[in-house]
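Note sheet for the following structure.
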Amino acid sequence: MSDTLGIIGAGAFGTALADVVAQQGTTVWIDTADEADARAINETHRHEKRLPGVKLSPRVRATADVAEVAANARLLILAVTSRRAREVVLQLASAVDGRHAIVHAIGALVEDGHGDAAEVQMVRVSELVRAETAVRRIGVLAGPGLAWDLVERRPAALIVASPFDELVTTAQRVLSAPPALRVYGTSDLAGAEVASALGGAFTLGLGLADGLDVGPGPRALFITRAIAEGARLATAAGGEALTMTGLAGLGNVLARSSPGTSDRSDDYQLGLAIGRGAPVAGVRHSEGSRTVPSLLRLAERLGTRVPILRALHAAVHEGLPMQKVIGKLLESHAEVE
Amino acid sequence: MLRGHAANRGELGDGMANRPLKEAENRLARFNAERASLCAEVERRVMDRRLALAARGGDHSLEYVLNDAAYHEIRRLETGPHGKDEKKHLPHWRELAKKLGSIDEAEKRRLTAQLVHEHAEDIAGRFDERVYRFAKGIMPAVVGGVLAPARLREGIAAVGDLADRVVVDGPLAKLRACADRGTLIVTPTHSSNMDSVVIGWAFDQAGLPPVTYGAGKNLFSNRFLSFFMHNLGAYRVDRRLRHELYKDVLKEYSTVLLEHGYHSLFFPGGTRSRSGAVERKLKLGLLGTALTAYQNHLRAGEPQRRLYVVPTTINYSIVLEAETLIDDFLAEEGKHRYIIEDDEFSSLSRLYDFSKHILSRPGALHIRFGDPVDVVGNATDAAGESIDPHARRIDPAGYFAALAPGGGQREDAQRDAEYTRGLGEELTRHYARLVVLYPTHLVARALMDRIAAGQGTRDVYRLLRVQQDLVVPHAQIVADIAAWRAHLAGHPELGEIAPRAQQLSDEAFVADALESYAVYHKRPAAMRAGDDVVVQHLPLTVYYRNRTLHIPPLAVHQ
């Protein structure tokens, strides 16, 4: 039987991934937030709201009913924003069972939703899926495969991480669309999730550094220290340090902050604007900036030292003057590993 | 809260109180008749698998399998622990290792089959209905005798209120229903060699059928215990045997028993908790046989036959072997002993002291059964069906289906290992919720937290070198206990304070712990000295503190 893929979330990334995979001959069911979007995709093979001007494969079938996706596909990609993650996972819970596998593509942490407000913990999305659904075969999709790279068929790479070999190989087989999309595999779920969650925050940090025009030396210093910090956090969360230096970590940050793509990264643009002096009050937050406080809470729970995340928090959420931010970002690096 | 025998029976107000348990009761009774065919099935399966693997060659060849057995046996018999008579096997293994390269495949098959047969026969137990009836009749007396020898003199009649001293609780009606429908795999925490004795008694108390279990071969060296274990369905696990073929036979034996409906008991910690902590890392080998057995049911077209894993805690206010266990734990890493044969359990006078002073106290032992979960750790409803976190029924067979649409059952050892790891994690979460905390544990925790704060280190080895007395004001401990009790009342997921101790004032709670420390151990963990509590035996204090290690520090201590 031919493969079928389900994608929950018809944002730019989810839609672009659906198109690339469908072009391989796979039927892709995609869940949209509302029925009008689903109708538009099914009738016009376009999703103008998210991917203007792009013609989609007719094998992309849209629905606004998550249960319909789960009924047609066992391999499900969860590609919604972190703000919708909990709501969507809860919807999905009533439609999935032990036959399904869920691979999320959410580069953020989420609240565990238990206990008092004071005791809410930040958890990885896989932990949320495990706690709220019957699904056990869980993975993460991460890395520098940006929506427009996929649409324009520029060589892109993603990594799928899961302790289940079966899930890694199945996801690799279904998602790979060489030469446009290569999918690598690893068993390091925790490491890849933490690395991916840090991607937005560190991209924001690079935007900030560029906005402040720190120069190439300090920029390189920032990147390497950020990766080391990420490796510490990933290890503390039960992952492997090396994962941070791969596609899910460094690869992701470099892709989002590089010339050519950086103008499309909300995180990078936000950092750039703040670095150039835009007032923090009233700023429109990005996925990366929203993730900073939750990453800090995770670091506190795990007892990990994260000076860069602290500096980013001070810059974006506390309005610390930029000269002090530079000090915090760069001076704190004079340390011994 | 259900307490004791009467309460357990009283819980069955759902019309199930007198429901017969014929099938469950009889399963072990039919064991003897089935023993030969069970062993034959084990041998056939292991051999079929080994021969199929051997066809692939390389590390799977029979030469490799036999060499692995010879290598480990020679090593063990030359250097490791072994019985007096066992050394005579050494020449046999040496000869085998020498000739392996030159014998033909048929001979290798014969030697492998012979080894598999010997292992299966060594592992398999027996079940003697007469011994069982006899044991059941005298069990209260034996347990009572172990638990309180003074009572023995008053005759069997006095043993009736044994239930007053041992609390057995949990969802007993549901467990009975699951035992009727499928196979139970009871997985308790493990603190003491007494566990094997008291859990058997607890099953009977709870109206649950007898179970078979793998008992360490060292326990069979006690002739009296050995007789009972042999004839009550226990099978022998020789933890000294390290070669793959032995582990293969052992796992297959467990799988076959589970498939045939024999309720089983595993201590997933593998061995008694040396540190005193509730198990967090589990040995997954035997636990994984539950998944295998279930998949065999699926393959046989019997998806309705289910296996239920029952997390259970066995809780003592004072542990018989505490001193030996914590000493072993604190011994330099790599030096601690996996099998201890000379602990308090082997000393009659220590057993007597323990029974007289500790187990004569009401509620000093608490066995708490948890809700049964399916083989991948899902909760179950009253009918024994698997349910998701939102109580929706799900089909456990789905976990073994291929990910391709419409894909059927698929074999995947790596996936199963991962499911078993997840099941283990689920069990440790259940343990934390099911643990019964005694004053001995919480007072030790309060003491150690204050001492660590005062000394600036939590490192036990550094604390052991501190020259001055480790002292905490009594009033401080009482205040801390009040904080702990309030905290635990709001966090059932961290365990529950023993029912009797819940009735005590904070002062009496602390006094209860100090008295318990004093009456059995040669040196108490800690004692009152004027306005202070003084640590007398740091390792023991650490041991009892460790039962609370799964509980994060109180905010006031951070």
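Note on naming: chains are A, B, ... as they come in the structure tokens, residues start from 1 per chain, ligands start from 1 in the order shown.
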Residues of chain B that have any atom at most 9 Å from an atom of chain A: could you tabulate them with the shortest-distance atom pair and the distance in Å to one decimal, using only C-alpha atoms, ordered by chain and increasing number, as a Markdown table?
```
| residue | atom | partner | partner_atom | distance |
| --- | --- | --- | --- | --- |
| B:Val376 | CA | A:Arg136 | CA | 8.4 |
| B:Asn378 | CA | A:Ala134 | CA | 7.6 |
| B:Ile387 | CA | A:Ala134 | CA | 8.0 |
| B:Asp388 | CA | A:Ala134 | CA | 5.0 |
| B:Pro389 | CA | A:Glu132 | CA | 5.7 |
| B:His390 | CA | A:Glu132 | CA | 7.4 |
| B:Arg392 | CA | A:Ser94 | CA | 7.6 |
| B:Ile394 | CA | A:Asp97 | CA | 6.3 |
| B:Asp395 | CA | A:Gly98 | CA | 7.3 |
| B:Pro396 | CA | A:Gly98 | CA | 6.5 |
| B:Ala397 | CA | A:Gly98 | CA | 7.5 |
| B:Gly398 | CA | A:Arg99 | CA | 4.3 |
| B:Tyr399 | CA | A:Gly98 | CA | 4.4 |
| B:Phe400 | CA | A:Arg99 | CA | 7.3 |
| B:Ala401 | CA | A:Arg99 | CA | 5.9 |
| B:Ala402 | CA | A:Arg99 | CA | 7.4 |
| B:Leu403 | CA | A:Arg74 | CA | 5.8 |
| B:Ala404 | CA | A:Asp3 | CA | 6.3 |
| B:Pro405 | CA | A:Ala73 | CA | 6.2 |
| B:Gly406 | CA | A:Met1 | CA | 7.9 |
| B:Gly407 | CA | A:Met1 | CA | 8.5 |
| B:Asp412 | CA | A:Glu166 | CA | 8.0 |
| B:Gln414 | CA | A:Asp165 | CA | 7.0 |
| B:Arg415 | CA | A:Phe164 | CA | 5.7 |
| B:Glu418 | CA | A:Phe164 | CA | 6.8 |
| B:Tyr419 | CA | A:Arg136 | CA | 7.6 |
| B:Gly422 | CA | A:Arg136 | CA | 8.4 |
```
Residue neighbourhood segment 313-329 of chain B, 6 Å, only C-alpha atoms, exclusion window fewer than 2 positions, as a ChimeraX atom specification: /B:188-189,274-275,331,336,344,364-368,435,438
Could you name the residues that touch Gln536 of chain B at 12 Å or less, counting only C-alpha atoms, but leaving out those on the same chain fewer than 4 positions away, as a ChimeraX atom specification? /B:444,447,464,468-471,514,517-518,521-529,540-542
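Ranking A:Thr15, A:Ser258, A:Thr63, A:Gln172 by their shortest atom-to-atom distance to Ala79 of chain A, with only C-alpha atoms included, puts A:Thr15 first.
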Record the distance separating atom CA of Val103 of chain A and atom CA of Arg83 of chain A, expressed in Å with one decimal. 17.2 Å
List every residue of segment 410-465 of chain B that DSSP, applied to the backbone, labels as helix (DSSP H, G or I), and write the result as number ranges by chain. B: 413-434, 439-455, 460-464
